[in-house]
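Participant: The structure follows.
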Amino acid sequence: MPAKKLSQKHSIDLNKLSWNDFHALPLTDKSAFFKKDPRVFDCLFAGQFDKDILNDLFKLADKIRTKAQTKRGLDKLQQLLSHKRACLYFAQPSTRTFLSFQNACHILGIKTSDIRSTAASSEAKGESLEDTIRTMHSYVDLIIIRHSNPYIAEKAAWIINQTERPIPIINAGSGPQEHPTQALLDVYTIKRAFGRVNDKKIAMIGDLKRGRTIRSLTYLLNNYKNIHINYISTDSFKIPDDLVEFLDKSNISYSQSDNIESIKDADIVYLTRIQDEYDVNNESKLVDHSNYWLKKEHLKLLKKDSIILHPLPRRNELPEEIDDDPRALYWQQERNGMWIRTALLAYIFKVDKAI
Amino acid sequence: MPAKKLSQKHSIDLNKLSWNDFHALPLTDKSAFFKKDPRVFDCLFAGQFDKDILNDLFKLADKIRTKAQTKRGLDKLQQLLSHKRACLYFAQPSTRTFLSFQNACHILGIKTSDIRSTAASSEAKGESLEDTIRTMHSYVDLIIIRHSNPYIAEKAAWIINQTERPIPIINAGSGPQEHPTQALLDVYTIKRAFGRVNDKKIAMIGDLKRGRTIRSLTYLLNNYKNIHINYISTDSFKIPDDLVEFLDKSNISYSQSDNIESIKDADIVYLTRIQDEYDVNNESKLVDHSNYWLKKEHLKLLKKDSIILHPLPRRNELPEEIDDDPRALYWQQERNGMWIRTALLAYIFKVDKAI
Amino acid sequence: MPAKKLSQKHSIDLNKLSWNDFHALPLTDKSAFFKKDPRVFDCLFAGQFDKDILNDLFKLADKIRTKAQTKRGLDKLQQLLSHKRACLYFAQPSTRTFLSFQNACHILGIKTSDIRSTAASSEAKGESLEDTIRTMHSYVDLIIIRHSNPYIAEKAAWIINQTERPIPIINAGSGPQEHPTQALLDVYTIKRAFGRVNDKKIAMIGDLKRGRTIRSLTYLLNNYKNIHINYISTDSFKIPDDLVEFLDKSNISYSQSDNIESIKDADIVYLTRIQDEYDVNNESKLVDHSNYWLKKEHLKLLKKDSIILHPLPRRNELPEEIDDDPRALYWQQERNGMWIRTALLAYIFKVDKAI
């Protein structure tokens, strides 16, 4: 991250770009800026993770959950980062991402502060988002951000990496854009369920247009071989153009469908809810989504060894009566989020070897 | 809690009941479901505590407050449950119950997360209460719940006990129904003040209809001998029918009065505020309650060795000028709440022998 | 703080005064009440700090930041007050003061609880502020208060010092009145920048009428020799009468100006934002403040070795384009807040010798 190191590898000095110019760069051109010695340092985009890192993280998460089974193991884990302090800045409502990150911090001994409402923070006094981020930076060693502004996590990393004391920034959900750690836990769950990710058929269903987990998961799956994704949605919630463009250049084979019964080929059924918090003109209410709800009658269509995932929270698209089906893995998936986030923190702070 | 153990003792398999059928059972029929090996595991109802447990908890609380007087003692206490993580889910406003539980956790080294506003949680995104509870369960070892919904704590225990990883649920106030840990601290305060609870006359005053502490305290007092409770209130806030029914079958002698001067016989005067948060049609405003306020002039009526308690917060029913009376024990009572809750956590997690 | 000790030194027994009489006393007459053995115990007013304490705190803060550079050092610091618990009661929005105090607690191992919204606390149930404070006191060893009520921190100390278990109260911003720990970090920043505070010329600019940092900083600067303060503001936001009165009796030489260009003599330029949260009739909107914004063109007026400070958050009075100027020290100033607050906590709890 220091400018000298970057300039050795890059013809452009990333530190000298304006934010707008920097932001406009494709990820491949700027990902070095988010690395350090030479690991992923800021976790902002699913595209930052290659298969080697993923494997490392998955093994690390497995080790952590084993160690966490005893008091002795947990007490040792808590020693690893007992000297670190994190700030969780969650400007969008969140239960599971917030709690899983906070508990991941606790597992490693990281002390946490949180700002969970802009009403209680200095934004209420007219402070800019950038200054709020710099303020958090003044006191802690890690900032975890969820915000409706899709660019603020990247901008935070851009700002903080240029200070004298860079600290890692983690994107815990950036508007409708990205949710990279959700993708990590999704793929980790697939890996644990099947032993591998290659050769899998994934059906993604619901609000594919604004579901940030859809984009991040697609990016991450591009690390694996012989993947097919079937995107199932009503016409108004199809995957956005930038994702189509990505897919066309990717290793991923894909299809689009408006028929939920096309889940019958899938190894993984990945449901998402309608993201009506991003409605501009009540567009969610204009469409009947009930054709894209997984109903009990669909279960017999599904392959016996398939799995059902959902990033949660759910609404009608995944009724509770599905919970008893042995293929329903979303509650395990949720808990996996804590373990993979713990692994990510251990990796970023380089205590993975000590686990 | 595992189904096998229960089915050995019960003719009905509690795990196979629907929630509605389970919920409709009397506590005696389902209390085994809230136990483990074979202690109280989920703390939901005052009726779960018998005299043996109460004595154990009171002794434990006394030990803890002694140990907590030194840094060495507190550092040791913090080691006991340093590997545990709790979530405090407080959907109703609370200062004292929240802070006393959080500090009880801190005393034992339990790391805490909290959700204190449904606006900041995924309920804002349409998640069901049941899913919110399961989500918390994914990350922590203990859930402490305060909610206006009178059944959600019990339902949480019902849901979580049927998962692969049961964790204890503590009811920190369930609508107008129950507040079992408040009753624990009330009786603990009585015990510390008099050395025993048997043979006491208690006057309970105020909103007896909707005061959940009234119900829970009454249940707990049924463990003691020769108790008389005098319920003093205006006609519209008399104790509810279910409590009358309980009392008629109980060991407790009781009377009802509309005259605050009948406190003159009491060993314990237990005041409560009008619970107008449960008003449906402003009924609290329709009555003049001032006859049920403890005024300075009443102090001379009171027995010399009596004590004055209040679960707090207070309003006009307990003016500040009473605070200087040596019989006013409500601030000690409040602090006792932290110690007895610490004892309860130590008991549930079975580290009581190590204290 | 015990009444006996005080009465040895004072002709009046402070414990016997009513709150109104106590509050009306000048600080010199009551500062002993806020001390213990015989250190500052409650931190309420900048006027409580003399030059000896300031020097001790500054040296302590320097030591702490050095120790905090290693895991070993931080782990040792966290042991010092691992047995203490604090409650942060922030009834006014705050990011930086809240986070810096919470992280200061974490550095020393103090466990924290917080009440950051009166909506979530029992004030929503009609509890008096005084009772809310007593409730916090029941569970913790330290209360840190920010409140729009200018007297509540002092009143809290007055109440709590008269209980059987006095604990320190820290004022983290009391309405438009005082913000003593902000003044501590301001002077600490000046000391670090110049090696000394004596002989400095300070220009204070902005809302001098309602900026509590202005008052607290002025009080603290009275400990130093040969200080000149130039108060620069529009007529409607001049320093209030009580501050003029203080200055006339103080060691401080001062001037008032309505011309921002008079910053040219200053060693320290101290900017503040318009405190419109205290507007009664939108008075902030009636005036054009733009003449009191520091603009890039002013930088060339400034002395080369001067420094620019701001308590933050900022608005237009300090544009981001100033940030790159080497004289802009406000981000360092902000981080200094964490270190000096850590030092203050260590001092109050008398673990300074162990650092």
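Labels for the structure tokens follow display order: chains A, B, ..., residues from 1 in each chain, ligands from 1.
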Select all residues from chain B having any atom no more than 6 Å from an atom of chain C (counting only C-alpha atoms, ignoring ligands), output as a ChimeraX atom specification.
Facilitator: /B:71,74,93-95,313,335
Participant: Determine, counting only C-alpha atoms, which protein, DNA and RNA residues have an atom within 8 Å of an atom of segment 39-56 of chain A; residues of the same chain fewer than 3 positions away are not included. Present the result as a list in words.
Facilitator: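 Close residues of segment 39-56 of chain A: Leu27, Ser31, Phe34, Lys35, Lys36, Lys59, Leu60, Ala153, Glu154, Ala157, Pro168, Ile169, Ile170, Asn171, Glu178, His179, Pro180, Thr181, Ala183, Leu184, Ser216, Leu217, Tyr219, Leu220, Asn223, Tyr224 and Ile348 of chain A.
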Participant: Write the residues you've just listed into a file as a PDB file, in the first residue's frame, and include N, CA and C atoms for each of them.
Facilitator:
```pdb
ATOM      1  N   LEU A  27     -11.051  -3.079 -11.464  1.00  0.00           N
ATOM      2  CA  LEU A  27     -10.486  -3.647 -10.242  1.00  0.00           C
ATOM      3  C   LEU A  27      -9.073  -4.197 -10.462  1.00  0.00           C
ATOM      4  N   SER A  31      -6.353  -3.270  -7.680  1.00  0.00           N
ATOM      5  CA  SER A  31      -6.453  -4.187  -6.543  1.00  0.00           C
ATOM      6  C   SER A  31      -5.179  -4.183  -5.695  1.00  0.00           C
ATOM      7  N   PHE A  34      -5.251  -2.211  -2.549  1.00  0.00           N
ATOM      8  CA  PHE A  34      -5.975  -2.760  -1.397  1.00  0.00           C
ATOM      9  C   PHE A  34      -5.247  -3.941  -0.768  1.00  0.00           C
ATOM     10  N   LYS A  35      -3.991  -4.127  -1.190  1.00  0.00           N
ATOM     11  CA  LYS A  35      -3.187  -5.209  -0.631  1.00  0.00           C
ATOM     12  C   LYS A  35      -2.074  -4.670   0.236  1.00  0.00           C
ATOM     13  N   LYS A  36      -1.492  -5.575   1.026  1.00  0.00           N
ATOM     14  CA  LYS A  36      -0.333  -5.208   1.836  1.00  0.00           C
ATOM     15  C   LYS A  36       0.511  -6.462   2.059  1.00  0.00           C
ATOM     16  N   LYS A  59      -9.943 -23.294   4.866  1.00  0.00           N
ATOM     17  CA  LYS A  59      -9.227 -24.167   5.812  1.00  0.00           C
ATOM     18  C   LYS A  59      -9.107 -23.500   7.176  1.00  0.00           C
ATOM     19  N   LEU A  60      -8.836 -22.197   7.141  1.00  0.00           N
ATOM     20  CA  LEU A  60      -8.691 -21.447   8.376  1.00  0.00           C
ATOM     21  C   LEU A  60     -10.003 -21.436   9.166  1.00  0.00           C
ATOM     22  N   ALA A 153     -17.343   2.409   1.006  1.00  0.00           N
ATOM     23  CA  ALA A 153     -16.330   1.497   1.550  1.00  0.00           C
ATOM     24  C   ALA A 153     -15.033   1.639   0.749  1.00  0.00           C
ATOM     25  N   GLU A 154     -15.158   1.663  -0.572  1.00  0.00           N
ATOM     26  CA  GLU A 154     -13.956   1.855  -1.394  1.00  0.00           C
ATOM     27  C   GLU A 154     -13.317   3.210  -1.120  1.00  0.00           C
ATOM     28  N   ALA A 157     -11.336   3.188   2.028  1.00  0.00           N
ATOM     29  CA  ALA A 157     -10.021   2.566   1.858  1.00  0.00           C
ATOM     30  C   ALA A 157      -9.076   3.513   1.132  1.00  0.00           C
ATOM     31  N   PRO A 168      -7.115  -1.640   7.818  1.00  0.00           N
ATOM     32  CA  PRO A 168      -8.000  -2.309   6.856  1.00  0.00           C
ATOM     33  C   PRO A 168      -9.457  -1.840   6.955  1.00  0.00           C
ATOM     34  N   ILE A 169     -10.094  -1.804   5.809  1.00  0.00           N
ATOM     35  CA  ILE A 169     -11.517  -1.472   5.689  1.00  0.00           C
ATOM     36  C   ILE A 169     -12.219  -2.715   5.146  1.00  0.00           C
ATOM     37  N   ILE A 170     -13.316  -3.100   5.773  1.00  0.00           N
ATOM     38  CA  ILE A 170     -14.096  -4.233   5.272  1.00  0.00           C
ATOM     39  C   ILE A 170     -15.479  -3.763   4.856  1.00  0.00           C
ATOM     40  N   ASN A 171     -15.854  -4.123   3.658  1.00  0.00           N
ATOM     41  CA  ASN A 171     -17.168  -3.804   3.111  1.00  0.00           C
ATOM     42  C   ASN A 171     -18.179  -4.861   3.597  1.00  0.00           C
ATOM     43  N   GLU A 178     -22.243  -4.522  -3.727  1.00  0.00           N
ATOM     44  CA  GLU A 178     -21.415  -5.680  -3.368  1.00  0.00           C
ATOM     45  C   GLU A 178     -21.626  -6.065  -1.912  1.00  0.00           C
ATOM     46  N   HIS A 179     -21.369  -7.314  -1.623  1.00  0.00           N
ATOM     47  CA  HIS A 179     -21.399  -7.818  -0.261  1.00  0.00           C
ATOM     48  C   HIS A 179     -20.409  -8.987  -0.229  1.00  0.00           C
ATOM     49  N   PRO A 180     -19.118  -8.646  -0.331  1.00  0.00           N
ATOM     50  CA  PRO A 180     -18.128  -9.700  -0.571  1.00  0.00           C
ATOM     51  C   PRO A 180     -18.056 -10.769   0.518  1.00  0.00           C
ATOM     52  N   THR A 181     -18.237 -10.394   1.772  1.00  0.00           N
ATOM     53  CA  THR A 181     -18.114 -11.431   2.804  1.00  0.00           C
ATOM     54  C   THR A 181     -19.335 -12.347   2.815  1.00  0.00           C
ATOM     55  N   ALA A 183     -20.619 -13.386   0.008  1.00  0.00           N
ATOM     56  CA  ALA A 183     -20.199 -14.346  -1.030  1.00  0.00           C
ATOM     57  C   ALA A 183     -19.204 -15.359  -0.463  1.00  0.00           C
ATOM     58  N   LEU A 184     -18.321 -14.890   0.411  1.00  0.00           N
ATOM     59  CA  LEU A 184     -17.364 -15.814   1.043  1.00  0.00           C
ATOM     60  C   LEU A 184     -18.092 -16.907   1.809  1.00  0.00           C
ATOM     61  N   SER A 216     -21.890 -10.377  -5.962  1.00  0.00           N
ATOM     62  CA  SER A 216     -20.658 -10.803  -5.292  1.00  0.00           C
ATOM     63  C   SER A 216     -20.448 -12.306  -5.427  1.00  0.00           C
ATOM     64  N   LEU A 217     -21.522 -13.077  -5.314  1.00  0.00           N
ATOM     65  CA  LEU A 217     -21.393 -14.529  -5.420  1.00  0.00           C
ATOM     66  C   LEU A 217     -20.991 -14.943  -6.837  1.00  0.00           C
ATOM     67  N   TYR A 219     -19.201 -13.198  -8.944  1.00  0.00           N
ATOM     68  CA  TYR A 219     -17.770 -12.896  -9.086  1.00  0.00           C
ATOM     69  C   TYR A 219     -16.916 -13.997  -8.461  1.00  0.00           C
ATOM     70  N   LEU A 220     -17.313 -14.426  -7.274  1.00  0.00           N
ATOM     71  CA  LEU A 220     -16.497 -15.390  -6.545  1.00  0.00           C
ATOM     72  C   LEU A 220     -16.516 -16.755  -7.247  1.00  0.00           C
ATOM     73  N   ASN A 223     -13.960 -18.172  -9.876  1.00  0.00           N
ATOM     74  CA  ASN A 223     -12.694 -18.833  -9.526  1.00  0.00           C
ATOM     75  C   ASN A 223     -12.739 -20.347  -9.736  1.00  0.00           C
ATOM     76  N   TYR A 224     -13.922 -20.877 -10.032  1.00  0.00           N
ATOM     77  CA  TYR A 224     -14.069 -22.333 -10.076  1.00  0.00           C
ATOM     78  C   TYR A 224     -14.349 -22.813 -11.490  1.00  0.00           C
ATOM     79  N   ILE A 348      -6.313 -11.131   7.519  1.00  0.00           N
ATOM     80  CA  ILE A 348      -5.922  -9.734   7.292  1.00  0.00           C
ATOM     81  C   ILE A 348      -4.880  -9.293   8.316  1.00  0.00           C
TER      82      ILE A 348
END
```
Participant: Go through segment 167-213 of chain A and collect every residue that DSSP, computed from the backbone, puts in strand (DSSP E or B); the answer should be as a list in words.
Facilitator: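 Selection result, strand (DSSP E or B) within segment 167-213 of chain A: Ile169, Ile170, Asn171, Ala172, Gly173, Ser174, Glu178, Lys201, Ile202, Ala203, Met204 and Ile205 of chain A.
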Participant: Generate the output file for the selected residues, N, CA, C and O atoms, as a PDB file, in the first residue's frame.
Facilitator:
```
ATOM      1  N   ILE A 169     -10.094  -1.804   5.809  1.00  0.00           N
ATOM      2  CA  ILE A 169     -11.517  -1.472   5.689  1.00  0.00           C
ATOM      3  C   ILE A 169     -12.219  -2.715   5.146  1.00  0.00           C
ATOM      4  O   ILE A 169     -11.769  -3.305   4.160  1.00  0.00           O
ATOM      5  N   ILE A 170     -13.316  -3.100   5.773  1.00  0.00           N
ATOM      6  CA  ILE A 170     -14.096  -4.233   5.272  1.00  0.00           C
ATOM      7  C   ILE A 170     -15.479  -3.763   4.856  1.00  0.00           C
ATOM      8  O   ILE A 170     -16.167  -3.070   5.619  1.00  0.00           O
ATOM      9  N   ASN A 171     -15.854  -4.123   3.658  1.00  0.00           N
ATOM     10  CA  ASN A 171     -17.168  -3.804   3.111  1.00  0.00           C
ATOM     11  C   ASN A 171     -18.179  -4.861   3.597  1.00  0.00           C
ATOM     12  O   ASN A 171     -18.106  -6.016   3.206  1.00  0.00           O
ATOM     13  N   ALA A 172     -19.115  -4.417   4.424  1.00  0.00           N
ATOM     14  CA  ALA A 172     -20.129  -5.345   4.944  1.00  0.00           C
ATOM     15  C   ALA A 172     -21.471  -5.128   4.253  1.00  0.00           C
ATOM     16  O   ALA A 172     -22.526  -5.379   4.831  1.00  0.00           O
ATOM     17  N   GLY A 173     -21.386  -4.707   2.999  1.00  0.00           N
ATOM     18  CA  GLY A 173     -22.611  -4.450   2.242  1.00  0.00           C
ATOM     19  C   GLY A 173     -22.649  -3.011   1.782  1.00  0.00           C
ATOM     20  O   GLY A 173     -22.820  -2.119   2.600  1.00  0.00           O
ATOM     21  N   SER A 174     -22.477  -2.806   0.461  1.00  0.00           N
ATOM     22  CA  SER A 174     -22.402  -1.441  -0.070  1.00  0.00           C
ATOM     23  C   SER A 174     -23.559  -1.220  -1.019  1.00  0.00           C
ATOM     24  O   SER A 174     -23.483  -1.563  -2.194  1.00  0.00           O
ATOM     25  N   GLU A 178     -22.243  -4.522  -3.727  1.00  0.00           N
ATOM     26  CA  GLU A 178     -21.415  -5.680  -3.368  1.00  0.00           C
ATOM     27  C   GLU A 178     -21.626  -6.065  -1.912  1.00  0.00           C
ATOM     28  O   GLU A 178     -22.001  -5.239  -1.070  1.00  0.00           O
ATOM     29  N   LYS A 201     -23.946 -26.701 -10.500  1.00  0.00           N
ATOM     30  CA  LYS A 201     -25.000 -25.909 -11.148  1.00  0.00           C
ATOM     31  C   LYS A 201     -25.735 -25.131 -10.068  1.00  0.00           C
ATOM     32  O   LYS A 201     -26.276 -25.713  -9.135  1.00  0.00           O
ATOM     33  N   ILE A 202     -25.756 -23.810 -10.210  1.00  0.00           N
ATOM     34  CA  ILE A 202     -26.404 -22.965  -9.206  1.00  0.00           C
ATOM     35  C   ILE A 202     -27.599 -22.245  -9.823  1.00  0.00           C
ATOM     36  O   ILE A 202     -27.469 -21.628 -10.886  1.00  0.00           O
ATOM     37  N   ALA A 203     -28.736 -22.347  -9.166  1.00  0.00           N
ATOM     38  CA  ALA A 203     -29.897 -21.557  -9.569  1.00  0.00           C
ATOM     39  C   ALA A 203     -30.045 -20.391  -8.606  1.00  0.00           C
ATOM     40  O   ALA A 203     -30.135 -20.599  -7.397  1.00  0.00           O
ATOM     41  N   MET A 204     -30.005 -19.153  -9.139  1.00  0.00           N
ATOM     42  CA  MET A 204     -30.203 -17.966  -8.284  1.00  0.00           C
ATOM     43  C   MET A 204     -31.567 -17.382  -8.627  1.00  0.00           C
ATOM     44  O   MET A 204     -31.878 -17.148  -9.786  1.00  0.00           O
ATOM     45  N   ILE A 205     -32.348 -17.113  -7.591  1.00  0.00           N
ATOM     46  CA  ILE A 205     -33.751 -16.751  -7.799  1.00  0.00           C
ATOM     47  C   ILE A 205     -34.127 -15.510  -7.009  1.00  0.00           C
ATOM     48  O   ILE A 205     -33.714 -15.354  -5.855  1.00  0.00           O
TER      49      ILE A 205
END
```
Participant: What are the DSSP helix (DSSP H, G or I) residues of segment 112-339 of chain B, as a PyMOL selection string?
Facilitator: chain B and resi 118-120+122-125+129-139+152-160+180-194+212-221+235-237+241-249+260-265+276-278+283-286+290-292+296-298+320-322+330-339
Participant: Report the distance between atom CA of Lys67 of chain C and atom CA of Ala354 of chain C in Å, rounded to one decimal place.
Facilitator: 11.7 Å
Participant: Closest to Ile152 of chain C among C:Lys295, C:Gly175, C:Glu164, C:Thr189, using only C-alpha atoms?
Facilitator: C:Gly175
Participant: Using only C-alpha atoms, which residues sit within 12 Å of segment 259-268 of chain B once same-chain residues fewer than 5 positions away are excluded, as an MDAnalysis selection string?
Facilitator: chainID B and resid 186:187 189:191 193:194 196:206 227:235 289:295 297:310 317 327:330
Participant: Can you work out the spacing between atom CA of Asp241 of chain A and atom CA of Ser284 of chain A in Å, to one decimal?
Facilitator: 19.2 Å
Participant: Just give me the gap between atom CA of Pro319 of chain C and atom CA of Arg116 of chain C in Å, one decimal is fine.
Facilitator: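 Computing the Euclidean distance for atom CA of Pro319 of chain C and atom CA of Arg116 of chain C yields 29.4 Å.
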Participant: Considering only C-alpha atoms, return as a PyMOL selection string whatever protein or nucleic-acid residues lie within 6 Å of His147 of chain C, sequence-local ones (same chain, fewer than 2 positions apart) excluded.
Facilitator: chain C and resi 91-92+149+174
Participant: Considering only C-alpha atoms, can you say which of C:Trp331, C:Phe246, C:Tyr89, C:Gly73 comes closest to Ile160 of chain A?
Facilitator: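 Smallest separation from Ile160 of chain A among the options: C:Trp331.
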